[in-house]
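Shown next: input-v2.txt, given as compact mmCIF, C-alpha atoms.
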```txt
# COMPACT_ATOMS: atom_id res chain seq x y z
CA MET A 1 3.85 0.71 -54.43
CA ARG A 2 3.46 1.71 -58.06
CA THR A 3 0.07 0.93 -59.52
CA SER A 4 -0.72 -0.41 -62.97
CA LEU A 5 -2.28 1.94 -65.46
CA ARG A 6 -5.97 1.31 -66.11
CA CYS A 7 -6.42 2.44 -69.68
CA SER A 8 -10.00 3.31 -70.56
CA LEU A 9 -9.15 2.76 -74.21
CA GLY A 10 -9.02 -0.95 -73.46
CA CYS A 11 -5.27 -1.53 -73.80
CA ALA A 12 -4.41 -5.12 -72.93
CA GLN A 13 -1.59 -5.48 -70.41
CA LYS A 14 -0.84 -9.18 -70.55
CA GLY A 15 2.88 -9.83 -70.38
CA TYR A 16 3.91 -6.19 -69.82
CA THR A 17 4.20 -5.52 -66.10
CA ASN A 18 5.62 -2.04 -66.71
CA TYR A 19 2.78 -1.04 -69.00
CA GLY A 20 1.30 2.15 -67.61
CA PRO A 21 3.18 2.54 -64.31
CA ARG A 22 1.87 5.91 -63.18
CA GLY A 23 -1.85 5.30 -63.03
CA ASN A 24 -2.83 8.53 -64.75
CA ALA A 25 -3.32 8.07 -68.48
CA ARG A 26 -4.52 11.19 -70.19
CA VAL A 27 -7.16 9.64 -72.43
CA ILE A 28 -8.67 12.43 -74.45
CA GLY A 29 -11.50 12.84 -76.97
CA LYS A 30 -12.35 10.99 -80.15
CA ASN A 31 -11.41 13.41 -82.92
CA ARG A 32 -8.65 12.06 -85.16
CA VAL A 33 -5.65 14.37 -85.52
CA VAL A 34 -3.38 14.42 -88.57
CA ILE A 35 -0.35 16.36 -89.79
CA THR A 36 -0.94 18.14 -93.10
CA GLY A 37 2.09 20.42 -93.38
CA VAL A 38 5.78 20.46 -92.45
CA GLY A 39 8.29 23.30 -92.36
CA VAL A 40 11.86 22.48 -91.36
CA LEU A 41 15.16 24.33 -91.18
CA ALA A 42 17.97 22.11 -89.95
CA ALA A 43 21.72 21.87 -90.08
CA ASN A 44 21.38 19.20 -92.76
CA GLY A 45 18.93 21.05 -94.97
CA ILE A 46 16.18 23.65 -95.38
CA GLY A 47 12.81 22.33 -96.50
CA LYS A 48 11.42 18.87 -95.89
CA GLU A 49 12.78 17.33 -99.10
CA ALA A 50 16.37 18.53 -98.60
CA PHE A 51 16.13 17.50 -94.95
CA TRP A 52 14.89 14.01 -95.83
CA ASN A 53 17.37 13.39 -98.64
CA SER A 54 20.32 14.20 -96.37
CA LEU A 55 18.93 11.88 -93.68
CA LEU A 56 18.79 8.99 -96.13
CA ALA A 57 22.29 9.71 -97.41
CA GLY A 58 23.70 10.14 -93.90
CA GLU A 59 25.08 13.55 -94.89
CA SER A 60 25.85 15.38 -91.68
CA GLY A 61 25.22 19.09 -91.23
CA ILE A 62 27.74 19.32 -88.39
CA GLY A 63 30.85 21.38 -88.98
CA PRO A 64 33.09 24.17 -87.61
CA ILE A 65 31.20 27.05 -86.03
CA THR A 66 30.99 30.19 -88.16
CA LEU A 67 28.48 32.27 -86.18
CA PHE A 68 31.13 33.75 -83.87
CA ASP A 69 34.88 33.81 -83.27
CA THR A 70 35.93 30.44 -81.87
CA SER A 71 39.69 30.97 -81.69
CA ASP A 72 39.72 30.41 -77.92
CA ILE A 73 37.32 27.43 -77.81
CA PRO A 74 38.99 24.01 -78.27
CA HIS A 75 36.06 22.01 -79.65
CA ALA A 76 34.14 24.53 -81.72
CA ILE A 77 31.78 22.36 -83.74
CA ALA A 78 28.01 22.49 -84.03
CA GLY A 79 25.10 22.00 -86.39
CA GLU A 80 24.42 25.40 -87.98
CA VAL A 81 21.57 26.20 -90.37
CA THR A 82 23.72 27.41 -93.24
CA ASP A 83 22.66 29.62 -96.17
CA PHE A 84 19.79 31.00 -94.08
CA ASN A 85 18.71 34.52 -94.99
CA PRO A 86 15.68 35.46 -92.89
CA GLU A 87 14.51 37.95 -95.49
CA THR A 88 13.98 35.05 -97.91
CA TYR A 89 11.19 33.76 -95.67
CA ILE A 90 10.02 36.88 -93.81
CA GLU A 91 8.84 40.14 -95.39
CA LYS A 92 11.18 43.06 -94.78
CA SER A 93 8.30 45.12 -93.36
CA PHE A 94 8.34 42.86 -90.29
CA LYS A 95 12.03 43.73 -89.72
CA PRO A 96 13.32 40.17 -89.45
CA LYS A 97 16.89 41.31 -88.68
CA ARG A 98 15.66 42.74 -85.38
CA MET A 99 14.30 39.35 -84.33
CA ALA A 100 16.24 36.83 -82.29
CA ARG A 101 17.62 34.01 -84.42
CA PHE A 102 15.32 31.39 -82.89
CA THR A 103 12.34 33.60 -83.77
CA GLN A 104 13.57 33.97 -87.34
CA LEU A 105 13.90 30.21 -87.65
CA ALA A 106 10.47 29.58 -86.07
CA LEU A 107 8.74 32.07 -88.33
CA ALA A 108 10.48 30.75 -91.46
CA ALA A 109 9.50 27.17 -90.55
CA THR A 110 5.91 28.29 -89.97
CA ASN A 111 5.72 29.90 -93.39
CA LEU A 112 7.08 26.72 -94.98
CA ALA A 113 4.57 24.57 -93.09
CA ILE A 114 1.60 26.75 -94.05
CA GLU A 115 2.71 26.66 -97.68
CA ASP A 116 3.15 22.88 -97.53
CA ALA A 117 -0.37 22.41 -96.10
CA HIS A 118 -2.03 25.00 -98.39
CA VAL A 119 -3.94 26.14 -95.33
CA LEU A 120 -3.57 29.93 -95.20
CA ASP A 121 -7.14 30.72 -96.30
CA SER A 122 -8.57 28.37 -93.67
CA LEU A 123 -6.51 30.01 -90.92
CA ARG A 124 -8.13 33.38 -91.56
CA THR A 125 -11.60 32.24 -90.49
CA ILE A 126 -10.92 30.46 -87.19
CA THR A 127 -9.03 30.71 -83.91
CA VAL A 128 -5.68 28.95 -84.27
CA PRO A 129 -3.55 27.67 -81.37
CA ILE A 130 0.15 28.43 -81.83
CA CYS A 131 2.18 26.17 -79.55
CA MET A 132 5.97 26.51 -79.67
CA GLY A 133 8.65 24.68 -77.77
CA VAL A 134 11.84 26.54 -76.83
CA SER A 135 14.75 25.29 -74.75
CA THR A 136 17.36 28.06 -74.59
CA SER A 137 15.50 31.18 -75.78
CA ALA A 138 17.39 34.12 -77.32
CA THR A 139 20.82 33.49 -75.85
CA GLU A 140 22.64 35.54 -78.49
CA VAL A 141 20.47 38.61 -77.80
CA ILE A 142 21.10 38.46 -74.06
CA GLU A 143 24.82 37.73 -74.50
CA THR A 144 25.27 40.66 -76.91
CA GLN A 145 23.48 43.10 -74.64
CA VAL A 146 25.43 42.10 -71.52
CA LEU A 147 28.71 42.65 -73.38
CA ARG A 148 27.43 45.96 -74.76
CA ILE A 149 26.40 47.26 -71.34
CA ASN A 150 29.69 46.20 -69.78
CA ASP A 151 31.63 47.88 -72.57
CA ARG A 152 29.62 51.08 -73.10
CA GLY A 153 27.31 51.48 -70.10
CA VAL A 154 23.65 50.84 -69.34
CA ARG A 155 22.49 53.83 -71.40
CA TYR A 156 23.36 51.86 -74.52
CA ALA A 157 21.07 48.91 -73.76
CA SER A 158 18.67 48.18 -76.60
CA PRO A 159 14.99 48.63 -75.68
CA LEU A 160 14.15 45.79 -78.07
CA THR A 161 15.91 43.26 -75.83
CA ALA A 162 13.03 43.09 -73.37
CA ILE A 163 10.78 41.73 -76.14
CA THR A 164 13.11 39.85 -78.46
CA SER A 165 14.72 37.82 -75.67
CA LEU A 166 11.44 36.40 -74.35
CA PRO A 167 10.84 32.67 -74.89
CA GLN A 168 7.34 33.69 -76.01
CA ALA A 169 8.80 35.86 -78.79
CA GLY A 170 8.63 33.01 -81.29
CA ALA A 171 4.95 32.19 -80.85
CA GLY A 172 4.02 35.84 -80.39
CA THR A 173 5.81 36.94 -83.55
CA ILE A 174 4.21 34.16 -85.58
CA ALA A 175 0.78 35.34 -84.40
CA ALA A 176 1.59 38.98 -85.16
CA VAL A 177 2.91 38.27 -88.64
CA LEU A 178 0.00 36.01 -89.60
CA GLY A 179 -2.48 38.60 -88.40
CA ILE A 180 -5.11 36.02 -87.50
CA LYS A 181 -7.04 35.21 -84.35
CA THR A 182 -4.78 33.01 -82.23
CA GLU A 183 -4.10 31.64 -78.79
CA THR A 184 -0.37 31.36 -78.19
CA MET A 185 1.57 29.19 -75.80
CA THR A 186 5.28 28.52 -75.25
CA VAL A 187 6.59 25.33 -73.66
CA SER A 188 10.07 25.11 -72.15
CA THR A 189 10.83 21.57 -70.98
CA GLY A 190 14.30 21.22 -72.48
CA CYS A 191 14.79 18.94 -75.47
CA PRO A 192 11.21 17.56 -75.34
CA ALA A 193 9.72 21.07 -75.55
CA GLY A 194 8.83 20.83 -79.24
CA LEU A 195 7.22 17.43 -78.77
CA ASP A 196 5.32 18.73 -75.74
CA ALA A 197 4.09 21.73 -77.73
CA ILE A 198 2.76 19.38 -80.39
CA ALA A 199 1.07 17.31 -77.69
CA LEU A 200 -0.72 20.45 -76.46
CA ALA A 201 -1.94 21.23 -79.96
CA PHE A 202 -2.97 17.60 -80.45
CA ASP A 203 -4.90 17.76 -77.18
CA SER A 204 -6.80 20.86 -78.27
CA ILE A 205 -7.90 19.30 -81.57
CA ARG A 206 -8.61 15.80 -80.29
CA ARG A 207 -11.03 17.03 -77.64
CA GLY A 208 -12.80 19.23 -80.15
CA LYS A 209 -11.78 22.70 -79.01
CA ARG A 210 -9.99 23.62 -82.27
CA ASP A 211 -9.78 22.26 -85.81
CA ILE A 212 -6.33 23.48 -86.88
CA ALA A 213 -3.18 24.26 -84.90
CA ILE A 214 0.38 25.40 -85.57
CA ALA A 215 2.96 23.70 -83.37
CA GLY A 216 6.64 22.87 -83.25
CA GLY A 217 9.96 23.82 -81.75
CA ALA A 218 12.84 26.20 -82.42
CA ASP A 219 16.21 26.84 -80.81
CA ALA A 220 19.33 28.81 -81.71
CA PRO A 221 21.81 27.96 -78.95
CA ILE A 222 25.05 28.36 -80.90
CA THR A 223 26.62 31.26 -79.02
CA LYS A 224 29.97 31.66 -77.33
CA LEU A 225 28.41 31.39 -73.88
CA THR A 226 26.54 28.17 -74.65
CA ILE A 227 29.37 26.44 -76.48
CA ALA A 228 31.92 27.46 -73.85
CA THR A 229 29.79 26.07 -71.03
CA PHE A 230 29.10 22.82 -72.89
CA ASP A 231 32.81 22.48 -73.60
CA ALA A 232 33.67 23.16 -69.95
CA ALA A 233 31.27 20.39 -68.97
CA ASN A 234 32.99 17.99 -71.41
CA MET A 235 29.76 17.64 -73.38
CA ILE A 236 31.21 18.29 -76.83
CA PRO A 237 32.94 15.41 -78.66
CA SER A 238 36.59 15.74 -79.53
CA ALA A 239 36.32 14.69 -83.21
CA HIS A 240 37.41 18.10 -84.44
CA LYS A 241 39.22 16.90 -87.58
CA HIS A 242 36.09 15.13 -88.79
CA PRO A 243 33.16 17.07 -87.29
CA GLU A 244 30.70 15.41 -89.66
CA LYS A 245 31.38 12.13 -87.81
CA ALA A 246 31.37 13.60 -84.30
CA SER A 247 27.77 12.64 -83.52
CA LYS A 248 27.46 8.86 -83.58
CA PRO A 249 24.39 7.70 -81.64
CA PHE A 250 24.59 4.24 -80.04
CA ASP A 251 28.09 3.64 -81.48
CA GLN A 252 30.66 2.20 -79.10
CA ASN A 253 33.04 5.09 -79.79
CA ARG A 254 30.55 7.90 -79.13
CA ASP A 255 31.89 10.52 -76.73
CA GLY A 256 29.19 13.17 -76.57
CA GLY A 257 26.42 14.88 -78.47
CA VAL A 258 26.78 17.87 -80.76
CA ILE A 259 24.62 20.91 -80.13
CA ALA A 260 22.70 22.31 -83.09
CA GLU A 261 20.15 24.91 -84.05
CA GLY A 262 17.03 24.71 -86.13
CA ALA A 263 13.26 24.84 -86.26
CA CYS A 264 10.49 22.51 -87.30
CA VAL A 265 6.83 23.53 -87.36
CA LEU A 266 3.86 21.32 -88.18
CA ILE A 267 0.25 21.96 -89.16
CA LEU A 268 -2.11 19.77 -87.14
CA GLU A 269 -5.73 19.28 -88.18
CA ASN A 270 -8.90 17.49 -87.27
CA LEU A 271 -9.05 14.71 -89.89
CA ASP A 272 -12.56 15.63 -91.02
CA ASN A 273 -11.50 19.25 -91.47
CA ALA A 274 -8.44 18.24 -93.47
CA LEU A 275 -10.39 15.94 -95.78
CA SER A 276 -13.16 18.49 -96.28
CA ARG A 277 -10.69 20.97 -97.74
CA GLY A 278 -8.93 18.36 -99.84
CA ALA A 279 -5.72 18.14 -97.78
CA GLN A 280 -3.55 15.03 -97.85
CA PRO A 281 -2.68 13.80 -94.31
CA LEU A 282 1.00 12.98 -93.86
CA LEU A 283 0.50 10.91 -90.72
CA GLU A 284 -1.89 10.52 -87.81
CA ILE A 285 -1.06 11.25 -84.17
CA LEU A 286 -2.48 8.66 -81.80
CA GLY A 287 -1.27 9.51 -78.30
CA TYR A 288 1.44 10.84 -76.06
CA GLY A 289 2.96 10.53 -72.62
CA TYR A 290 5.39 12.48 -70.48
CA ALA A 291 7.16 11.85 -67.19
CA GLY A 292 10.00 13.09 -65.02
CA ASP A 293 13.08 11.34 -63.71
CA ASN A 294 12.80 11.22 -59.94
CA GLN A 295 15.70 10.79 -57.56
CA GLY A 296 15.92 7.39 -55.97
CA GLN A 297 14.47 5.63 -59.02
CA PRO A 298 16.46 3.51 -61.52
CA PRO A 299 17.98 5.31 -64.53
CA GLY A 300 15.52 5.60 -67.39
CA HIS A 301 12.39 5.11 -65.33
CA GLY A 302 10.97 8.44 -66.58
CA LEU A 303 11.34 7.33 -70.19
CA ASN A 304 9.77 4.00 -69.24
CA ASP A 305 6.77 5.91 -67.93
CA SER A 306 6.45 8.26 -70.91
CA MET A 307 6.58 5.37 -73.40
CA SER A 308 4.04 3.33 -71.42
CA GLU A 309 1.67 6.24 -71.12
CA ALA A 310 1.99 7.12 -74.82
CA LEU A 311 1.08 3.55 -75.78
CA CYS A 312 -1.94 3.53 -73.52
CA ASN A 313 -3.05 7.00 -74.60
CA ALA A 314 -2.78 5.81 -78.21
CA GLY A 315 -4.81 2.69 -77.45
CA ILE A 316 -2.32 0.24 -78.93
CA MET A 317 -0.17 -2.60 -77.68
CA PRO A 318 3.67 -2.43 -77.53
CA GLN A 319 4.04 -5.16 -80.16
CA GLN A 320 2.19 -2.99 -82.69
CA ILE A 321 5.07 -0.49 -82.80
CA ASP A 322 7.30 -1.09 -85.82
CA TYR A 323 9.85 1.70 -85.44
CA ILE A 324 11.20 3.99 -82.74
CA SER A 325 12.66 7.38 -83.62
CA ALA A 326 15.02 7.52 -80.67
CA HIS A 327 16.22 10.55 -78.74
CA GLY A 328 19.72 9.06 -79.20
CA PRO A 329 21.89 12.18 -78.69
CA SER A 330 25.21 10.29 -78.96
CA ASP A 331 25.74 10.62 -75.23
CA ILE A 332 27.59 7.73 -73.58
CA HIS A 333 25.02 7.30 -70.82
CA LEU A 334 21.78 8.53 -72.37
CA ASP A 335 21.99 6.23 -75.39
CA TYR A 336 22.44 3.25 -73.08
CA ILE A 337 19.60 4.35 -70.79
CA GLU A 338 17.22 4.73 -73.74
CA THR A 339 18.20 1.29 -75.02
CA LEU A 340 17.51 -0.18 -71.58
CA ALA A 341 14.15 1.60 -71.36
CA ILE A 342 13.08 0.28 -74.75
CA LYS A 343 13.93 -3.27 -73.69
CA THR A 344 12.07 -2.78 -70.41
CA ILE A 345 8.86 -1.62 -72.07
CA PHE A 346 8.87 -3.77 -75.20
CA GLY A 347 10.39 -6.97 -73.84
CA GLU A 348 11.31 -9.47 -76.56
CA HIS A 349 9.61 -7.24 -79.13
CA ALA A 350 12.44 -4.72 -78.62
CA TYR A 351 14.68 -6.97 -80.73
CA LYS A 352 12.16 -6.91 -83.59
CA LEU A 353 11.95 -3.12 -83.62
CA ALA A 354 13.89 -0.83 -85.90
CA VAL A 355 15.42 1.97 -83.81
CA SER A 356 17.30 4.92 -85.26
CA SER A 357 18.44 8.40 -84.28
CA ILE A 358 18.65 11.24 -86.80
CA LYS A 359 21.05 13.23 -84.60
CA GLY A 360 24.10 11.83 -86.35
CA VAL A 361 23.06 14.15 -89.19
CA THR A 362 21.16 16.97 -87.47
CA GLY A 363 23.09 17.23 -84.22
CA ASN A 364 20.88 18.00 -81.23
CA PRO A 365 18.67 21.00 -82.07
CA LEU A 366 17.07 20.84 -78.62
CA ALA A 367 13.36 21.80 -78.82
CA ALA A 368 13.33 21.37 -82.60
CA ALA A 369 14.44 17.73 -82.35
CA GLY A 370 11.06 16.11 -81.65
CA PRO A 371 9.22 17.90 -84.47
CA MET A 372 12.06 17.00 -86.85
CA GLN A 373 11.66 13.36 -85.83
CA ILE A 374 7.94 13.57 -86.61
CA SER A 375 8.80 15.01 -90.01
CA ALA A 376 11.18 12.11 -90.63
CA CYS A 377 8.50 9.61 -89.60
CA ALA A 378 6.04 11.19 -92.05
CA LYS A 379 8.52 10.65 -94.89
CA ALA A 380 9.26 7.11 -93.69
CA PHE A 381 5.54 6.28 -93.84
CA ALA A 382 5.22 7.83 -97.30
CA THR A 383 8.33 6.29 -98.88
CA GLY A 384 8.63 2.97 -97.08
CA ILE A 385 12.23 3.83 -96.16
CA LEU A 386 13.61 4.13 -92.63
CA PRO A 387 16.15 6.90 -91.91
CA PRO A 388 19.46 5.47 -90.70
CA THR A 389 21.55 6.19 -87.63
CA ALA A 390 24.37 8.06 -89.35
CA ASN A 391 27.95 7.30 -88.25
CA TYR A 392 26.94 4.07 -86.53
CA GLU A 393 29.95 1.86 -87.30
CA THR A 394 31.01 -0.09 -84.20
CA ALA A 395 28.43 -2.00 -82.16
CA ASP A 396 28.30 -1.32 -78.43
CA PRO A 397 27.56 -4.54 -76.50
CA SER A 398 25.46 -2.55 -74.02
CA CYS A 399 23.38 -1.10 -76.88
CA ASP A 400 22.25 -4.23 -78.66
CA LEU A 401 19.15 -3.27 -80.66
CA ASP A 402 18.67 -2.80 -84.40
CA TYR A 403 19.85 0.78 -84.96
CA VAL A 404 19.42 0.84 -88.77
CA PRO A 405 23.00 1.70 -89.81
CA GLN A 406 21.91 2.21 -93.43
CA ALA A 407 18.68 3.52 -94.95
CA ARG A 408 16.36 0.55 -95.23
CA GLU A 409 13.21 -0.25 -97.14
CA SER A 410 10.54 -1.18 -94.62
CA GLN A 411 6.78 -0.67 -94.64
CA ILE A 412 5.85 0.52 -91.16
CA ASP A 413 2.43 1.34 -89.72
CA PHE A 414 3.14 2.55 -86.16
CA ALA A 415 6.07 4.54 -84.80
CA MET A 416 7.10 6.08 -81.50
CA ILE A 417 9.14 9.25 -81.02
CA ASN A 418 11.22 9.70 -77.84
CA ASN A 419 12.76 12.83 -76.32
CA HIS A 420 14.69 13.35 -73.08
CA GLY A 421 15.87 16.64 -71.63
CA PHE A 422 18.16 18.12 -69.03
CA GLY A 423 16.26 18.41 -65.78
CA GLY A 424 14.79 14.93 -66.20
CA SER A 425 11.90 15.53 -68.60
CA ASN A 426 10.83 12.71 -70.92
CA SER A 427 8.21 12.70 -73.65
CA SER A 428 6.97 10.10 -76.12
CA LEU A 429 4.54 10.36 -79.02
CA VAL A 430 2.86 7.57 -81.01
CA VAL A 431 2.07 8.15 -84.68
CA LYS A 432 0.73 5.96 -87.45
CA ARG A 433 0.71 5.82 -91.21
CA TYR A 434 -2.49 7.42 -92.45
CA LYS A 435 -4.69 5.04 -94.43
```

I need this file expressed as structure tokens, please.
Amino acid sequence: MRTSLRCSLGCAQKGYTNYGPRGNARVIGKNRVVITGVGVLAANGIGKEAFWNSLLAGESGIGPITLFDTSDIPHAIAGEVTDFNPETYIEKSFKPKRMARFTQLALAATNLAIEDAHVLDSLRTITVPICMGVSTSATEVIETQVLRINDRGVRYASPLTAITSLPQAGAGTIAAVLGIKTETMTVSTGCPAGLDAIALAFDSIRRGKRDIAIAGGADAPITKLTIATFDAANMIPSAHKHPEKASKPFDQNRDGGVIAEGACVLILENLDNALSRGAQPLLEILGYGYAGDNQGQPPGHGLNDSMSEALCNAGIMPQQIDYISAHGPSDIHLDYIETLAIKTIFGEHAYKLAVSSIKGVTGNPLAAAGPMQISACAKAFATGILPPTANYETADPSCDLDYVPQARESQIDFAMINNHGFGGSNSSLVVKRYK
């Protein structure tokens, strides 16, 4: 028998029988945690302003793949970070061209976030957690070396591969380049990895261990191996003539998600620390939850659990949520399952919520998705405009919520971010407009 969650933050449970189903809320300390800087490199734009403007306009970054020869792959579309020169963001002395692409993206996003937060001087005097989420690691490095060894022999293997291909390479390289005292950690939980990394950093600050943290996610999965396997599994949509419309979350005619690359890194701070140095908080993080999908349970139960736990950890009621930044990958089944989970947790309030997915524009950048959604929420709080679900044109009767087909003016105070990953991982984060 599944027990109800007893939330020590005093969350009322009246009318929500699924509220807190796992009985293990991670209620943490009392320090308030805010975001003060954002660095983003996505298929639809580099920098938070370009990223946001394309979200509002519904301008998709999905197109034909240019990173490798696709002549023998039928559905060769993806969300590439175009016009990206790593040497624009990383000093040549650190040899950025020797880094794996996901490390380049992570480091560039970190530099943008630090610049946005004006926090570099503060980082030099303290220990800074660096928490990065990675889903696929350095696939292009491994793929290149395997082909090289097969073609020329093992004597031609690059000694750099052992380091550059590590999932930890992103966080480790950020620490090395910054040259500050750090504690690094890499999370690999599939698509929720970036959100989970941010939750770790949030945890560290909220319970008073650290005052500032660097956290986010980065992935560069657009390689021949990855795309070929996704295509073989029929996980790439067939809209080749119009790739910009291929990702259409919650639309009745959706036929698969579009894989993408990118990075998004955030600066998290103790509120008192941020205010003392004159920083302007972009939003406040209230709580999080995560859960797995277990065999024998109904579809979506893991997402039910992660949303319930995030609400309780945040200390708020379901009806206080105004907006959900959905995982919404444009998958036939996953979009429906997320819709069902939202209705299960929020009841009648689900039909009063605004729900949108930014993946119609960004594609699915795996571990970078959750941090990008946080970035979008920060801009939504600041501007009073909700980002739309791009390419949503035909309503699906089984997905019957308000998916915000066009950018909409709406003053919101509380939002939830959802992520789901292969392997059954689910994570949810609750954020609020900073007042």

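For the atom pair formed by atom CA of Arg124 of chain A and atom CA of Ala201 of chain A, the distance is 17.9 Å, given to one decimal.
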
Selection: 12 Å around Ala263 of chain A, all atoms listed in the file, excl. self and same-chain fewer than 5 positions, as a PyMOL selection string: chain A and resi 38-48+51+80-81+84+101-113+132-135+170+193-194+215-221+362+364-373+375

Using the selection just defined, write its residues with C-alpha atoms as a compact mmCIF listing (two decimals), in the frame of the given file.
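File part-v1.txt, as written:
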```
# COMPACT_ATOMS: atom_id res chain seq x y z
CA VAL A 38 5.78 20.46 -92.45
CA GLY A 39 8.29 23.30 -92.36
CA VAL A 40 11.86 22.48 -91.36
CA LEU A 41 15.16 24.33 -91.18
CA ALA A 42 17.97 22.11 -89.95
CA ALA A 43 21.72 21.87 -90.08
CA ASN A 44 21.38 19.20 -92.76
CA GLY A 45 18.93 21.05 -94.97
CA ILE A 46 16.18 23.65 -95.38
CA GLY A 47 12.81 22.33 -96.50
CA LYS A 48 11.42 18.87 -95.89
CA PHE A 51 16.13 17.50 -94.95
CA GLU A 80 24.42 25.40 -87.98
CA VAL A 81 21.57 26.20 -90.37
CA PHE A 84 19.79 31.00 -94.08
CA ARG A 101 17.62 34.01 -84.42
CA PHE A 102 15.32 31.39 -82.89
CA THR A 103 12.34 33.60 -83.77
CA GLN A 104 13.57 33.97 -87.34
CA LEU A 105 13.90 30.21 -87.65
CA ALA A 106 10.47 29.58 -86.07
CA LEU A 107 8.74 32.07 -88.33
CA ALA A 108 10.48 30.75 -91.46
CA ALA A 109 9.50 27.17 -90.55
CA THR A 110 5.91 28.29 -89.97
CA ASN A 111 5.72 29.90 -93.39
CA LEU A 112 7.08 26.72 -94.98
CA ALA A 113 4.57 24.57 -93.09
CA MET A 132 5.97 26.51 -79.67
CA GLY A 133 8.65 24.68 -77.77
CA VAL A 134 11.84 26.54 -76.83
CA SER A 135 14.75 25.29 -74.75
CA GLY A 170 8.63 33.01 -81.29
CA ALA A 193 9.72 21.07 -75.55
CA GLY A 194 8.83 20.83 -79.24
CA ALA A 215 2.96 23.70 -83.37
CA GLY A 216 6.64 22.87 -83.25
CA GLY A 217 9.96 23.82 -81.75
CA ALA A 218 12.84 26.20 -82.42
CA ASP A 219 16.21 26.84 -80.81
CA ALA A 220 19.33 28.81 -81.71
CA PRO A 221 21.81 27.96 -78.95
CA THR A 362 21.16 16.97 -87.47
CA ASN A 364 20.88 18.00 -81.23
CA PRO A 365 18.67 21.00 -82.07
CA LEU A 366 17.07 20.84 -78.62
CA ALA A 367 13.36 21.80 -78.82
CA ALA A 368 13.33 21.37 -82.60
CA ALA A 369 14.44 17.73 -82.35
CA GLY A 370 11.06 16.11 -81.65
CA PRO A 371 9.22 17.90 -84.47
CA MET A 372 12.06 17.00 -86.85
CA GLN A 373 11.66 13.36 -85.83
CA SER A 375 8.80 15.01 -90.01
```

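Among the candidate residues A:Ile236, A:Ile345, A:Cys191, A:Ala314, the one lying nearest to His327 of chain A is A:Cys191, with distances computed using all atoms listed in the file.
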
Residues within 12 Å of (-5.0, 17.9, -87.6), file coords, all atoms listed in the file, listed as a ChimeraX atom specification: /A:31-37,117,119,128-129,198-199,201-215,266-276,279-286,434

Minimum-distance residue to His118 of chain A, chosen among A:Arg277, A:Glu87, A:Ile374, A:Pro405 (using only C-alpha atoms): A:Arg277

Residues within 12 Å of His333 of chain A, all atoms listed in the file, excluding chain neighbours under 2 positions, as a PyMOL selection string: chain A and resi 235+249-252+254-257+299-300+328-331+335-340+396+398-399

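Minimum atom-to-atom distance to Ile227 of chain A, evaluated using only C-alpha atoms, belongs to A:Thr70 out of A:Thr70, A:Ser428, A:Thr394, A:Asn53.
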
Between atom CA of Lys359 of chain A and atom CA of Ala326 of chain A, distance in Å (one decimal): 9.2 Å

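Closest approach to Lys343 of chain A among A:Pro96, A:Gly278, A:Pro318, A:Pro192 is made by A:Pro318 (distances from only C-alpha atoms).
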
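Using only C-alpha atoms for every distance, the candidate list A:Ala138, A:Ala341, A:Leu160, A:Leu429 yields A:Ala138 as the residue closest to Glu261 of chain A.
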
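Atom CA of Leu303 of chain A to atom CA of Cys264 of chain A spans 22.9 Å [interatomic distance, one decimal].
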
Using all atoms listed in the file: which of A:Cys131, A:Arg155, A:Lys224, A:Glu183 has the shortest distance to His75 of chain A: A:Lys224

Shell around Glu59 of chain A at 9 Å using all atoms listed in the file, local window under 2 positions removed, as a ChimeraX atom specification: /A:44,53-57,61,244,360-361,390

Dump as a tab-separated table (two decimals), in the frame of the given file, selection limited to C-alpha atoms:
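Output (again-v9.tsv):
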```tsv
chain	number	residue	atom	x	y	z
A	44	ASN	CA	21.38	19.20	-92.76
A	53	ASN	CA	17.37	13.39	-98.64
A	54	SER	CA	20.32	14.20	-96.37
A	55	LEU	CA	18.93	11.88	-93.68
A	56	LEU	CA	18.79	8.99	-96.13
A	57	ALA	CA	22.29	9.71	-97.41
A	61	GLY	CA	25.22	19.09	-91.23
A	244	GLU	CA	30.70	15.41	-89.66
A	360	GLY	CA	24.10	11.83	-86.35
A	361	VAL	CA	23.06	14.15	-89.19
A	390	ALA	CA	24.37	8.06	-89.35
```

Nearby residues (only C-alpha atoms) at most 6 Å from Ile62 of chain A, same-chain spacing under 3 positions excluded, as a list of chain:residue names: A:Ala78, A:Gly79, A:Pro243, A:Glu244

Export: segment 242-256 of chain A, C-alpha atoms, as a PDB file, in the first residue's frame:
```pdb
ATOM      1  CA  HIS A 242      10.045  20.991 -43.440  1.00  0.00           C
ATOM      2  CA  PRO A 243      12.435  20.119 -40.581  1.00  0.00           C
ATOM      3  CA  GLU A 244      11.575  23.328 -38.731  1.00  0.00           C
ATOM      4  CA  LYS A 245       8.079  21.875 -38.189  1.00  0.00           C
ATOM      5  CA  ALA A 246       9.184  18.337 -37.348  1.00  0.00           C
ATOM      6  CA  SER A 247       8.974  18.782 -33.576  1.00  0.00           C
ATOM      7  CA  LYS A 248       5.380  19.510 -32.620  1.00  0.00           C
ATOM      8  CA  PRO A 249       4.740  18.738 -28.945  1.00  0.00           C
ATOM      9  CA  PHE A 250       1.192  17.700 -28.003  1.00  0.00           C
ATOM     10  CA  ASP A 251      -0.023  18.139 -31.607  1.00  0.00           C
ATOM     11  CA  GLN A 252      -2.204  15.367 -32.991  1.00  0.00           C
ATOM     12  CA  ASN A 253       0.149  14.898 -35.954  1.00  0.00           C
ATOM     13  CA  ARG A 254       3.361  14.560 -33.937  1.00  0.00           C
ATOM     14  CA  ASP A 255       5.398  11.505 -34.909  1.00  0.00           C
ATOM     15  CA  GLY A 256       8.555  11.727 -32.821  1.00  0.00           C
TER      16      GLY A 256
END
```
